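Shown here: coords_28.cif, mmCIF, N, CA and C atoms.
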data_entry
loop_
_atom_site.label_atom_id
_atom_site.label_comp_id
_atom_site.auth_asym_id
_atom_site.auth_seq_id
_atom_site.Cartn_x
_atom_site.Cartn_y
_atom_site.Cartn_z
N MET A 1475 -41.28 -51.58 -96.10
CA MET A 1475 -41.94 -52.87 -96.15
C MET A 1475 -43.10 -52.84 -97.15
N ASP A 1476 -43.83 -51.72 -97.16
CA ASP A 1476 -44.94 -51.61 -98.12
C ASP A 1476 -44.43 -51.67 -99.55
N PHE A 1477 -43.27 -51.07 -99.79
CA PHE A 1477 -42.68 -51.10 -101.13
C PHE A 1477 -42.43 -52.54 -101.56
N LEU A 1478 -41.84 -53.34 -100.66
CA LEU A 1478 -41.54 -54.74 -100.98
C LEU A 1478 -42.81 -55.54 -101.24
N GLN A 1479 -43.85 -55.26 -100.47
CA GLN A 1479 -45.10 -55.98 -100.66
C GLN A 1479 -45.84 -55.50 -101.91
N ASP A 1480 -45.84 -54.19 -102.14
CA ASP A 1480 -46.53 -53.65 -103.30
C ASP A 1480 -45.94 -54.17 -104.61
N TYR A 1481 -44.64 -54.28 -104.65
CA TYR A 1481 -43.97 -54.75 -105.87
C TYR A 1481 -43.63 -56.23 -105.83
N ARG A 1482 -44.18 -56.90 -104.86
CA ARG A 1482 -44.03 -58.36 -104.71
C ARG A 1482 -42.57 -58.79 -104.69
N LEU A 1483 -41.78 -58.04 -103.95
CA LEU A 1483 -40.34 -58.31 -103.85
C LEU A 1483 -39.95 -58.96 -102.52
N LEU A 1484 -40.90 -59.10 -101.60
CA LEU A 1484 -40.60 -59.61 -100.27
C LEU A 1484 -39.99 -61.01 -100.33
N GLY A 1485 -40.55 -61.87 -101.14
CA GLY A 1485 -40.02 -63.23 -101.27
C GLY A 1485 -38.59 -63.24 -101.80
N LEU A 1486 -38.31 -62.39 -102.78
CA LEU A 1486 -36.95 -62.31 -103.32
C LEU A 1486 -35.96 -61.79 -102.29
N VAL A 1487 -36.36 -60.77 -101.54
CA VAL A 1487 -35.48 -60.22 -100.51
C VAL A 1487 -35.20 -61.27 -99.44
N ILE A 1488 -36.24 -61.99 -99.02
CA ILE A 1488 -36.06 -63.06 -98.03
C ILE A 1488 -35.14 -64.14 -98.59
N GLY A 1489 -35.32 -64.50 -99.85
CA GLY A 1489 -34.47 -65.51 -100.47
C GLY A 1489 -33.02 -65.09 -100.54
N ILE A 1490 -32.77 -63.86 -100.95
CA ILE A 1490 -31.40 -63.34 -101.04
C ILE A 1490 -30.76 -63.29 -99.66
N CYS A 1491 -31.50 -62.78 -98.68
CA CYS A 1491 -30.96 -62.69 -97.32
C CYS A 1491 -30.70 -64.08 -96.74
N THR A 1492 -31.59 -65.03 -97.01
CA THR A 1492 -31.38 -66.41 -96.56
C THR A 1492 -30.11 -66.98 -97.16
N PHE A 1493 -29.92 -66.78 -98.43
CA PHE A 1493 -28.71 -67.23 -99.11
C PHE A 1493 -27.47 -66.63 -98.45
N LEU A 1494 -27.51 -65.34 -98.14
CA LEU A 1494 -26.37 -64.67 -97.53
C LEU A 1494 -26.12 -65.16 -96.10
N ILE A 1495 -27.18 -65.38 -95.34
CA ILE A 1495 -27.02 -65.88 -93.97
C ILE A 1495 -26.39 -67.26 -93.98
N ILE A 1496 -26.91 -68.15 -94.80
CA ILE A 1496 -26.36 -69.50 -94.87
C ILE A 1496 -24.93 -69.46 -95.38
N GLY A 1497 -24.67 -68.64 -96.37
CA GLY A 1497 -23.31 -68.50 -96.89
C GLY A 1497 -22.35 -67.96 -95.85
N LEU A 1498 -22.81 -67.09 -94.99
CA LEU A 1498 -21.98 -66.55 -93.92
C LEU A 1498 -21.58 -67.62 -92.92
N PHE A 1499 -22.46 -68.58 -92.68
CA PHE A 1499 -22.18 -69.59 -91.67
C PHE A 1499 -21.12 -70.60 -92.11
N HIS A 1500 -20.90 -70.79 -93.40
CA HIS A 1500 -19.90 -71.76 -93.86
C HIS A 1500 -18.49 -71.39 -93.37
N PRO A 1501 -18.00 -70.19 -93.61
CA PRO A 1501 -16.68 -69.86 -93.09
C PRO A 1501 -16.66 -69.73 -91.56
N VAL A 1502 -17.79 -69.39 -90.97
CA VAL A 1502 -17.85 -69.30 -89.51
C VAL A 1502 -17.61 -70.68 -88.90
N VAL A 1503 -18.19 -71.72 -89.48
CA VAL A 1503 -17.98 -73.09 -88.99
C VAL A 1503 -16.50 -73.45 -89.06
N ILE A 1504 -15.88 -73.17 -90.18
CA ILE A 1504 -14.47 -73.53 -90.37
C ILE A 1504 -13.59 -72.80 -89.37
N ARG A 1505 -13.81 -71.51 -89.22
CA ARG A 1505 -13.00 -70.71 -88.28
C ARG A 1505 -13.25 -71.10 -86.83
N ALA A 1506 -14.51 -71.29 -86.48
CA ALA A 1506 -14.85 -71.63 -85.10
C ALA A 1506 -14.19 -72.96 -84.71
N GLU A 1507 -14.29 -73.96 -85.58
CA GLU A 1507 -13.68 -75.25 -85.26
C GLU A 1507 -12.17 -75.13 -85.21
N TYR A 1508 -11.58 -74.35 -86.09
CA TYR A 1508 -10.13 -74.19 -86.13
C TYR A 1508 -9.61 -73.58 -84.83
N TYR A 1509 -10.26 -72.52 -84.36
CA TYR A 1509 -9.76 -71.81 -83.19
C TYR A 1509 -10.25 -72.39 -81.86
N TRP A 1510 -11.49 -72.88 -81.81
CA TRP A 1510 -12.04 -73.32 -80.54
C TRP A 1510 -12.43 -74.79 -80.50
N GLY A 1511 -12.40 -75.47 -81.63
CA GLY A 1511 -12.82 -76.86 -81.65
C GLY A 1511 -14.33 -76.97 -81.46
N THR A 1512 -14.76 -78.10 -80.98
CA THR A 1512 -16.19 -78.33 -80.79
C THR A 1512 -16.72 -77.69 -79.50
N ARG A 1513 -15.82 -77.11 -78.71
CA ARG A 1513 -16.25 -76.47 -77.45
C ARG A 1513 -17.15 -75.27 -77.69
N CYS A 1514 -17.20 -74.75 -78.88
CA CYS A 1514 -17.98 -73.54 -79.17
C CYS A 1514 -19.43 -73.84 -79.53
N TRP A 1515 -19.86 -75.08 -79.47
CA TRP A 1515 -21.21 -75.43 -79.89
C TRP A 1515 -22.28 -74.68 -79.09
N TRP A 1516 -22.02 -74.44 -77.83
CA TRP A 1516 -23.02 -73.77 -76.98
C TRP A 1516 -23.25 -72.32 -77.41
N ILE A 1517 -22.24 -71.69 -78.02
CA ILE A 1517 -22.41 -70.32 -78.51
C ILE A 1517 -23.49 -70.31 -79.61
N PHE A 1518 -23.42 -71.29 -80.49
CA PHE A 1518 -24.40 -71.39 -81.57
C PHE A 1518 -25.78 -71.75 -81.02
N LEU A 1519 -25.81 -72.53 -79.94
CA LEU A 1519 -27.08 -72.84 -79.29
C LEU A 1519 -27.71 -71.57 -78.75
N MET A 1520 -26.93 -70.74 -78.08
CA MET A 1520 -27.44 -69.48 -77.53
C MET A 1520 -27.89 -68.54 -78.66
N LEU A 1521 -27.11 -68.47 -79.74
CA LEU A 1521 -27.51 -67.65 -80.89
C LEU A 1521 -28.83 -68.14 -81.47
N GLY A 1522 -28.98 -69.45 -81.56
CA GLY A 1522 -30.22 -70.03 -82.09
C GLY A 1522 -31.41 -69.74 -81.21
N ILE A 1523 -31.23 -69.87 -79.90
CA ILE A 1523 -32.32 -69.58 -78.98
C ILE A 1523 -32.68 -68.09 -79.04
N GLY A 1524 -31.66 -67.24 -79.10
CA GLY A 1524 -31.91 -65.80 -79.20
C GLY A 1524 -32.63 -65.43 -80.48
N GLY A 1525 -32.21 -66.04 -81.59
CA GLY A 1525 -32.88 -65.79 -82.87
C GLY A 1525 -34.31 -66.27 -82.87
N THR A 1526 -34.55 -67.42 -82.24
CA THR A 1526 -35.91 -67.95 -82.15
C THR A 1526 -36.80 -67.03 -81.33
N ALA A 1527 -36.27 -66.59 -80.19
CA ALA A 1527 -37.04 -65.67 -79.34
C ALA A 1527 -37.32 -64.37 -80.08
N GLY A 1528 -36.32 -63.84 -80.75
CA GLY A 1528 -36.51 -62.61 -81.51
C GLY A 1528 -37.54 -62.77 -82.60
N SER A 1529 -37.51 -63.91 -83.26
CA SER A 1529 -38.47 -64.17 -84.33
C SER A 1529 -39.90 -64.23 -83.79
N LEU A 1530 -40.05 -64.80 -82.61
CA LEU A 1530 -41.39 -64.90 -82.03
C LEU A 1530 -41.89 -63.57 -81.47
N LEU A 1531 -40.98 -62.68 -81.15
CA LEU A 1531 -41.37 -61.43 -80.49
C LEU A 1531 -41.59 -60.25 -81.44
N THR A 1532 -41.32 -60.42 -82.70
CA THR A 1532 -41.48 -59.30 -83.64
C THR A 1532 -42.71 -59.50 -84.53
N ASP A 1533 -43.31 -58.39 -84.89
CA ASP A 1533 -44.48 -58.43 -85.77
C ASP A 1533 -44.11 -58.29 -87.24
N ASN A 1534 -42.92 -57.80 -87.52
CA ASN A 1534 -42.48 -57.56 -88.89
C ASN A 1534 -42.16 -58.89 -89.56
N VAL A 1535 -42.83 -59.17 -90.66
CA VAL A 1535 -42.67 -60.45 -91.36
C VAL A 1535 -41.22 -60.65 -91.83
N LEU A 1536 -40.63 -59.62 -92.41
CA LEU A 1536 -39.27 -59.73 -92.93
C LEU A 1536 -38.28 -60.00 -91.80
N VAL A 1537 -38.35 -59.22 -90.75
CA VAL A 1537 -37.42 -59.39 -89.62
C VAL A 1537 -37.64 -60.75 -88.95
N SER A 1538 -38.89 -61.12 -88.75
CA SER A 1538 -39.21 -62.40 -88.12
C SER A 1538 -38.66 -63.56 -88.94
N THR A 1539 -38.85 -63.50 -90.24
CA THR A 1539 -38.37 -64.57 -91.12
C THR A 1539 -36.85 -64.66 -91.09
N LEU A 1540 -36.19 -63.52 -91.17
CA LEU A 1540 -34.73 -63.54 -91.19
C LEU A 1540 -34.15 -63.98 -89.84
N LEU A 1541 -34.80 -63.62 -88.76
CA LEU A 1541 -34.36 -64.11 -87.45
C LEU A 1541 -34.56 -65.62 -87.35
N GLY A 1542 -35.65 -66.12 -87.91
CA GLY A 1542 -35.88 -67.57 -87.94
C GLY A 1542 -34.82 -68.30 -88.75
N VAL A 1543 -34.49 -67.74 -89.89
CA VAL A 1543 -33.43 -68.34 -90.73
C VAL A 1543 -32.10 -68.32 -89.98
N PHE A 1544 -31.80 -67.19 -89.34
CA PHE A 1544 -30.58 -67.08 -88.55
C PHE A 1544 -30.57 -68.10 -87.41
N ALA A 1545 -31.70 -68.23 -86.72
CA ALA A 1545 -31.79 -69.16 -85.59
C ALA A 1545 -31.53 -70.59 -86.04
N PHE A 1546 -32.18 -71.03 -87.07
CA PHE A 1546 -32.02 -72.42 -87.48
C PHE A 1546 -30.71 -72.67 -88.20
N SER A 1547 -30.13 -71.64 -88.79
CA SER A 1547 -28.76 -71.77 -89.31
C SER A 1547 -27.79 -71.94 -88.15
N SER A 1548 -28.05 -71.26 -87.04
CA SER A 1548 -27.21 -71.43 -85.85
C SER A 1548 -27.34 -72.84 -85.29
N PHE A 1549 -28.56 -73.34 -85.22
CA PHE A 1549 -28.75 -74.72 -84.74
C PHE A 1549 -28.05 -75.72 -85.66
N TRP A 1550 -28.15 -75.52 -86.95
CA TRP A 1550 -27.51 -76.41 -87.91
C TRP A 1550 -25.99 -76.36 -87.77
N THR A 1551 -25.48 -75.19 -87.41
CA THR A 1551 -24.04 -75.01 -87.26
C THR A 1551 -23.49 -75.88 -86.15
N ILE A 1552 -24.28 -76.17 -85.13
CA ILE A 1552 -23.83 -77.06 -84.05
C ILE A 1552 -23.42 -78.40 -84.66
N LYS A 1553 -24.27 -78.94 -85.50
CA LYS A 1553 -23.97 -80.22 -86.18
C LYS A 1553 -22.74 -80.07 -87.07
N GLU A 1554 -22.68 -78.97 -87.78
CA GLU A 1554 -21.58 -78.76 -88.72
C GLU A 1554 -20.23 -78.60 -88.03
N VAL A 1555 -20.19 -78.04 -86.84
CA VAL A 1555 -18.92 -77.90 -86.11
C VAL A 1555 -18.36 -79.28 -85.80
N PHE A 1556 -19.21 -80.20 -85.37
CA PHE A 1556 -18.75 -81.56 -85.08
C PHE A 1556 -18.33 -82.28 -86.36
N GLU A 1557 -19.06 -82.05 -87.44
CA GLU A 1557 -18.67 -82.65 -88.71
C GLU A 1557 -17.38 -82.02 -89.25
N GLN A 1558 -17.17 -80.75 -88.98
CA GLN A 1558 -15.94 -80.09 -89.40
C GLN A 1558 -14.74 -80.72 -88.71
N GLU A 1559 -14.89 -81.09 -87.45
CA GLU A 1559 -13.81 -81.77 -86.75
C GLU A 1559 -13.45 -83.08 -87.47
N GLU A 1560 -14.46 -83.79 -87.93
CA GLU A 1560 -14.21 -85.02 -88.68
C GLU A 1560 -13.50 -84.73 -90.00
N ARG A 1561 -13.87 -83.66 -90.65
CA ARG A 1561 -13.20 -83.29 -91.91
C ARG A 1561 -11.74 -82.93 -91.67
N VAL A 1562 -11.45 -82.29 -90.55
CA VAL A 1562 -10.06 -81.96 -90.21
C VAL A 1562 -9.28 -83.24 -89.94
N VAL A 1563 -9.88 -84.16 -89.21
CA VAL A 1563 -9.22 -85.44 -88.92
C VAL A 1563 -8.91 -86.18 -90.21
N LYS A 1564 -9.80 -86.11 -91.19
CA LYS A 1564 -9.58 -86.78 -92.47
C LYS A 1564 -8.52 -86.07 -93.31
N GLY A 1565 -8.14 -84.85 -92.91
CA GLY A 1565 -7.13 -84.12 -93.64
C GLY A 1565 -7.68 -83.22 -94.72
N TRP A 1566 -8.98 -83.03 -94.74
CA TRP A 1566 -9.60 -82.19 -95.76
C TRP A 1566 -9.43 -80.71 -95.47
N PHE A 1567 -9.21 -80.36 -94.21
CA PHE A 1567 -9.03 -78.97 -93.79
C PHE A 1567 -7.80 -78.89 -92.91
N PRO A 1568 -7.19 -77.72 -92.80
CA PRO A 1568 -5.96 -77.60 -92.02
C PRO A 1568 -6.20 -77.82 -90.52
N THR A 1569 -5.19 -78.39 -89.89
CA THR A 1569 -5.21 -78.63 -88.45
C THR A 1569 -4.62 -77.42 -87.73
N ASN A 1570 -5.25 -77.02 -86.67
CA ASN A 1570 -4.70 -75.97 -85.83
C ASN A 1570 -3.49 -76.57 -85.09
N PRO A 1571 -2.29 -76.04 -85.30
CA PRO A 1571 -1.10 -76.63 -84.68
C PRO A 1571 -1.18 -76.66 -83.15
N ARG A 1572 -1.90 -75.74 -82.57
CA ARG A 1572 -2.03 -75.71 -81.11
C ARG A 1572 -2.87 -76.88 -80.59
N ARG A 1573 -3.68 -77.46 -81.47
CA ARG A 1573 -4.54 -78.56 -81.05
C ARG A 1573 -4.23 -79.85 -81.81
N ALA A 1574 -3.02 -79.96 -82.29
CA ALA A 1574 -2.63 -81.14 -83.07
C ALA A 1574 -2.77 -82.42 -82.26
N ALA A 1575 -2.44 -82.36 -80.97
CA ALA A 1575 -2.54 -83.56 -80.13
C ALA A 1575 -3.99 -84.04 -80.03
N HIS A 1576 -4.91 -83.12 -79.99
CA HIS A 1576 -6.33 -83.48 -79.92
C HIS A 1576 -6.74 -84.29 -81.15
N TYR A 1577 -6.35 -83.81 -82.32
CA TYR A 1577 -6.69 -84.51 -83.55
C TYR A 1577 -5.99 -85.87 -83.63
N GLU A 1578 -4.78 -85.93 -83.12
CA GLU A 1578 -4.04 -87.20 -83.12
C GLU A 1578 -4.75 -88.23 -82.25
N ARG A 1579 -5.27 -87.80 -81.09
CA ARG A 1579 -6.02 -88.71 -80.22
C ARG A 1579 -7.26 -89.23 -80.94
N ILE A 1580 -7.94 -88.36 -81.66
CA ILE A 1580 -9.14 -88.80 -82.41
C ILE A 1580 -8.75 -89.81 -83.47
N ARG A 1581 -7.66 -89.55 -84.19
CA ARG A 1581 -7.19 -90.49 -85.22
C ARG A 1581 -6.86 -91.84 -84.60
N GLU A 1582 -6.21 -91.84 -83.43
CA GLU A 1582 -5.86 -93.10 -82.75
C GLU A 1582 -7.13 -93.84 -82.33
N GLN A 1583 -8.11 -93.15 -81.80
CA GLN A 1583 -9.35 -93.78 -81.41
C GLN A 1583 -10.05 -94.40 -82.60
N LYS A 1584 -10.04 -93.70 -83.72
CA LYS A 1584 -10.68 -94.23 -84.93
C LYS A 1584 -9.94 -95.47 -85.45
N SER A 1585 -8.61 -95.44 -85.37
CA SER A 1585 -7.85 -96.60 -85.86
C SER A 1585 -8.08 -97.81 -84.95
N LYS A 1586 -8.30 -97.61 -83.66
CA LYS A 1586 -8.59 -98.71 -82.75
C LYS A 1586 -9.96 -99.30 -83.01
N GLN A 1587 -10.89 -98.46 -83.44
CA GLN A 1587 -12.24 -98.94 -83.73
C GLN A 1587 -12.28 -99.81 -84.98
N LEU A 1588 -11.36 -99.57 -85.87
CA LEU A 1588 -11.35 -100.34 -87.12
C LEU A 1588 -10.67 -101.64 -86.85
#
Please rewrite the model in this file as structure tokens.
Amino acid sequence: MDFLQDYRLLGLVIGICTFLIIGLFHPVVIRAEYYWGTRCWWIFLMLGIGGTAGSLLTDNVLVSTLLGVFAFSSFWTIKEVFEQEERVVKGWFPTNPRRAAHYERIREQKSKQL
């Protein structure tokens, strides 16, 4: 940690790790919605709460920051899982054949609303 602070690299390391954490969550959203649908939102809620607690309980700036980024990326993923379902309904992403009836019901509900 002293090395990162002495050479003023802490900000760059945090930036790179933030980029990687956020980038990791993109395929996680797609896979989670494909296999479990929106039922998995509570897992991301628990991950976010755990990351928040971890961030508050550590004294290390780097670890605390990365846990905070992880926590709020998890919270954001809850929203993204529901939006991913909409993208699947629109046909932008593949439908899980095991849950095709679920997507068809959503499409029917949307067509009735119009």
Translate the PyMOL selection byres ((chain A and resi 1523-1531) around 6.5) into a concrete residue list for this structure, as a PDB file with N, CA and C atoms, keeping the file's coordinate frame.
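The resulting expr06.pdb:
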ATOM      1  N   PHE A1518     -23.420 -71.290 -80.490  1.00  0.00           N
ATOM      2  CA  PHE A1518     -24.400 -71.390 -81.570  1.00  0.00           C
ATOM      3  C   PHE A1518     -25.780 -71.750 -81.020  1.00  0.00           C
ATOM      4  N   LEU A1519     -25.810 -72.530 -79.940  1.00  0.00           N
ATOM      5  CA  LEU A1519     -27.080 -72.840 -79.290  1.00  0.00           C
ATOM      6  C   LEU A1519     -27.710 -71.570 -78.750  1.00  0.00           C
ATOM      7  N   MET A1520     -26.930 -70.740 -78.080  1.00  0.00           N
ATOM      8  CA  MET A1520     -27.440 -69.480 -77.530  1.00  0.00           C
ATOM      9  C   MET A1520     -27.890 -68.540 -78.660  1.00  0.00           C
ATOM     10  N   LEU A1521     -27.110 -68.470 -79.740  1.00  0.00           N
ATOM     11  CA  LEU A1521     -27.510 -67.650 -80.890  1.00  0.00           C
ATOM     12  C   LEU A1521     -28.830 -68.140 -81.470  1.00  0.00           C
ATOM     13  N   GLY A1522     -28.980 -69.450 -81.560  1.00  0.00           N
ATOM     14  CA  GLY A1522     -30.220 -70.030 -82.090  1.00  0.00           C
ATOM     15  C   GLY A1522     -31.410 -69.740 -81.210  1.00  0.00           C
ATOM     16  N   THR A1532     -41.320 -60.420 -82.700  1.00  0.00           N
ATOM     17  CA  THR A1532     -41.480 -59.300 -83.640  1.00  0.00           C
ATOM     18  C   THR A1532     -42.710 -59.500 -84.530  1.00  0.00           C
ATOM     19  N   ASP A1533     -43.310 -58.390 -84.890  1.00  0.00           N
ATOM     20  CA  ASP A1533     -44.480 -58.430 -85.770  1.00  0.00           C
ATOM     21  C   ASP A1533     -44.110 -58.290 -87.240  1.00  0.00           C
ATOM     22  N   VAL A1537     -38.350 -59.220 -90.750  1.00  0.00           N
ATOM     23  CA  VAL A1537     -37.420 -59.390 -89.620  1.00  0.00           C
ATOM     24  C   VAL A1537     -37.640 -60.750 -88.950  1.00  0.00           C
ATOM     25  N   SER A1538     -38.890 -61.120 -88.750  1.00  0.00           N
ATOM     26  CA  SER A1538     -39.210 -62.400 -88.120  1.00  0.00           C
ATOM     27  C   SER A1538     -38.660 -63.560 -88.940  1.00  0.00           C
ATOM     28  N   THR A1539     -38.850 -63.500 -90.240  1.00  0.00           N
ATOM     29  CA  THR A1539     -38.370 -64.570 -91.120  1.00  0.00           C
ATOM     30  C   THR A1539     -36.850 -64.660 -91.090  1.00  0.00           C
ATOM     31  N   LEU A1541     -34.800 -63.620 -88.760  1.00  0.00           N
ATOM     32  CA  LEU A1541     -34.360 -64.110 -87.450  1.00  0.00           C
ATOM     33  C   LEU A1541     -34.560 -65.620 -87.350  1.00  0.00           C
ATOM     34  N   GLY A1542     -35.650 -66.120 -87.910  1.00  0.00           N
ATOM     35  CA  GLY A1542     -35.880 -67.570 -87.940  1.00  0.00           C
ATOM     36  C   GLY A1542     -34.820 -68.300 -88.750  1.00  0.00           C
ATOM     37  N   PHE A1544     -31.800 -67.190 -89.340  1.00  0.00           N
ATOM     38  CA  PHE A1544     -30.580 -67.080 -88.550  1.00  0.00           C
ATOM     39  C   PHE A1544     -30.570 -68.100 -87.410  1.00  0.00           C
ATOM     40  N   ALA A1545     -31.700 -68.230 -86.720  1.00  0.00           N
ATOM     41  CA  ALA A1545     -31.790 -69.160 -85.590  1.00  0.00           C
ATOM     42  C   ALA A1545     -31.530 -70.590 -86.040  1.00  0.00           C
ATOM     43  N   PHE A1546     -32.180 -71.030 -87.070  1.00  0.00           N
ATOM     44  CA  PHE A1546     -32.020 -72.420 -87.480  1.00  0.00           C
ATOM     45  C   PHE A1546     -30.710 -72.670 -88.200  1.00  0.00           C
TER      46      PHE A1546
END
DSSP alpha helix (DSSP H) selection over chain A, as an MDAnalysis selection string: chainID A and resid 1476:1480 1484:1510 1515:1531 1535:1563 1574:1587
Of the residues A:Asp1480, A:Gly1497, A:Ile1552, A:Gln1583, which is the one nearest to Trp1516 in chain A, using all atoms listed in the file?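 Closest to Trp1516 in chain A of all the choices is A:Ile1552.
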Using all atoms listed in the file, which residues sit within 8 Å of range 1571-1578 of chain A once same-chain residues fewer than 5 positions away are excluded, as a ChimeraX atom specification? /A:1508,1559,1562-1563,1583-1584
Name the closest residue to Lys1553 in chain A among the candidates A:Lys1586, A:Thr1492, A:Gln1479, A:Trp1515; distances are taken between atoms, counting all atoms listed in the file.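 Closest to Lys1553 in chain A of all the choices is A:Trp1515.
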Please enclose the listed atoms of range 1494-1506 of chain A in an axis-aligned box, pad each side by 5 Å, and write out the centre and the three edge lengths in Å, rounded to one decimal, as AutoDock Vina command-line options.
--center_x -20.3 --center_y -69.1 --center_z -91.4 --size_x 24.5 --size_y 18.9 --size_z 23.4
Which distance in Å separates CA of Leu1494 in chain A and atom C of Asn1570 in chain A, to one decimal?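 Answer for the CA of Leu1494 in chain A to atom C of Asn1570 in chain A separation: 28.6 Å.
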Smallest atom-to-atom distance to Phe1499 in chain A: which of A:Thr1512, A:Ser1547, A:Gln1558, A:Asn1534, using only C-alpha atoms? A:Ser1547
At what distance in Å, to one decimal, does CA of Val1555 in chain A lie from CA of Glu1507 in chain A?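 These two atoms are separated by 5.9 Å.
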I'd like the interatomic distance between atom N of His1500 in chain A and CA of Lys1564 in chain A, to a tenth of an Å.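 Atom N of His1500 in chain A sits 19.6 Å away from CA of Lys1564 in chain A.
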Spatial neighbours of Glu1560 in chain A, max dist 10 Å, only C-alpha atoms, sep filter under 6 positions, as a tab-separated table (two decimals) with N, CA and C atoms, in the coordinates of the input:
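Wrote it out as around-v1.tsv, contents follow:
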chain	number	residue	atom	x	y	z
A	1554	GLU	N	-22.68	-78.97	-87.78
A	1554	GLU	CA	-21.58	-78.76	-88.72
A	1554	GLU	C	-20.23	-78.60	-88.03
A	1566	TRP	N	-8.98	-83.03	-94.74
A	1566	TRP	CA	-9.60	-82.19	-95.76
A	1566	TRP	C	-9.43	-80.71	-95.47
A	1567	PHE	N	-9.21	-80.36	-94.21
A	1567	PHE	CA	-9.03	-78.97	-93.79
A	1567	PHE	C	-7.80	-78.89	-92.91
A	1577	TYR	N	-6.35	-83.81	-82.32
A	1577	TYR	CA	-6.69	-84.51	-83.55
A	1577	TYR	C	-5.99	-85.87	-83.63
A	1580	ILE	N	-7.94	-88.36	-81.66
A	1580	ILE	CA	-9.14	-88.80	-82.41
A	1580	ILE	C	-8.75	-89.81	-83.47
A	1581	ARG	N	-7.66	-89.55	-84.19
A	1581	ARG	CA	-7.19	-90.49	-85.22
A	1581	ARG	C	-6.86	-91.84	-84.60
I need range 1541-1580 of chain A from the structure I supplied, saved as a tab-separated table (two decimals), in the first residue's frame with C-alpha atoms retained.
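What landed in selection.tsv:
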chain	number	residue	atom	x	y	z
A	1541	LEU	CA	-15.69	-3.27	-1.66
A	1542	GLY	CA	-17.78	-0.11	-2.08
A	1543	VAL	CA	-17.52	-0.35	-5.86
A	1544	PHE	CA	-18.45	-4.03	-5.67
A	1545	ALA	CA	-21.40	-3.26	-3.38
A	1546	PHE	CA	-22.90	-0.58	-5.56
A	1547	SER	CA	-22.25	-2.57	-8.72
A	1548	SER	CA	-24.27	-5.34	-7.07
A	1549	PHE	CA	-27.09	-2.92	-6.26
A	1550	TRP	CA	-27.04	-1.62	-9.83
A	1551	THR	CA	-27.19	-5.20	-11.10
A	1552	ILE	CA	-30.63	-5.60	-9.50
A	1553	LYS	CA	-31.95	-2.94	-11.89
A	1554	GLU	CA	-30.03	-4.41	-14.79
A	1555	VAL	CA	-31.47	-7.92	-14.29
A	1556	PHE	CA	-34.99	-6.54	-14.71
A	1557	GLU	CA	-33.91	-4.51	-17.73
A	1558	GLN	CA	-32.21	-7.60	-19.17
A	1559	GLU	CA	-35.55	-9.38	-19.05
A	1560	GLU	CA	-36.98	-6.56	-21.16
A	1561	ARG	CA	-34.12	-6.88	-23.63
A	1562	VAL	CA	-34.81	-10.61	-23.95
A	1563	VAL	CA	-38.50	-9.93	-24.55
A	1564	LYS	CA	-37.54	-7.48	-27.31
A	1565	GLY	CA	-35.43	-10.21	-28.90
A	1566	TRP	CA	-32.09	-8.52	-28.35
A	1567	PHE	CA	-30.76	-11.46	-26.32
A	1568	PRO	CA	-31.44	-15.20	-26.53
A	1569	THR	CA	-34.40	-16.69	-24.70
A	1570	ASN	CA	-33.84	-19.58	-22.34
A	1571	PRO	CA	-35.95	-22.36	-23.92
A	1572	ARG	CA	-36.91	-23.64	-20.48
A	1573	ARG	CA	-38.56	-20.31	-19.71
A	1574	ALA	CA	-40.01	-19.50	-23.12
A	1575	ALA	CA	-43.56	-19.52	-21.74
A	1576	HIS	CA	-42.61	-16.84	-19.22
A	1577	TYR	CA	-41.35	-14.52	-21.94
A	1578	GLU	CA	-44.43	-15.23	-24.06
A	1579	ARG	CA	-46.70	-14.18	-21.16
A	1580	ILE	CA	-44.75	-10.92	-20.84
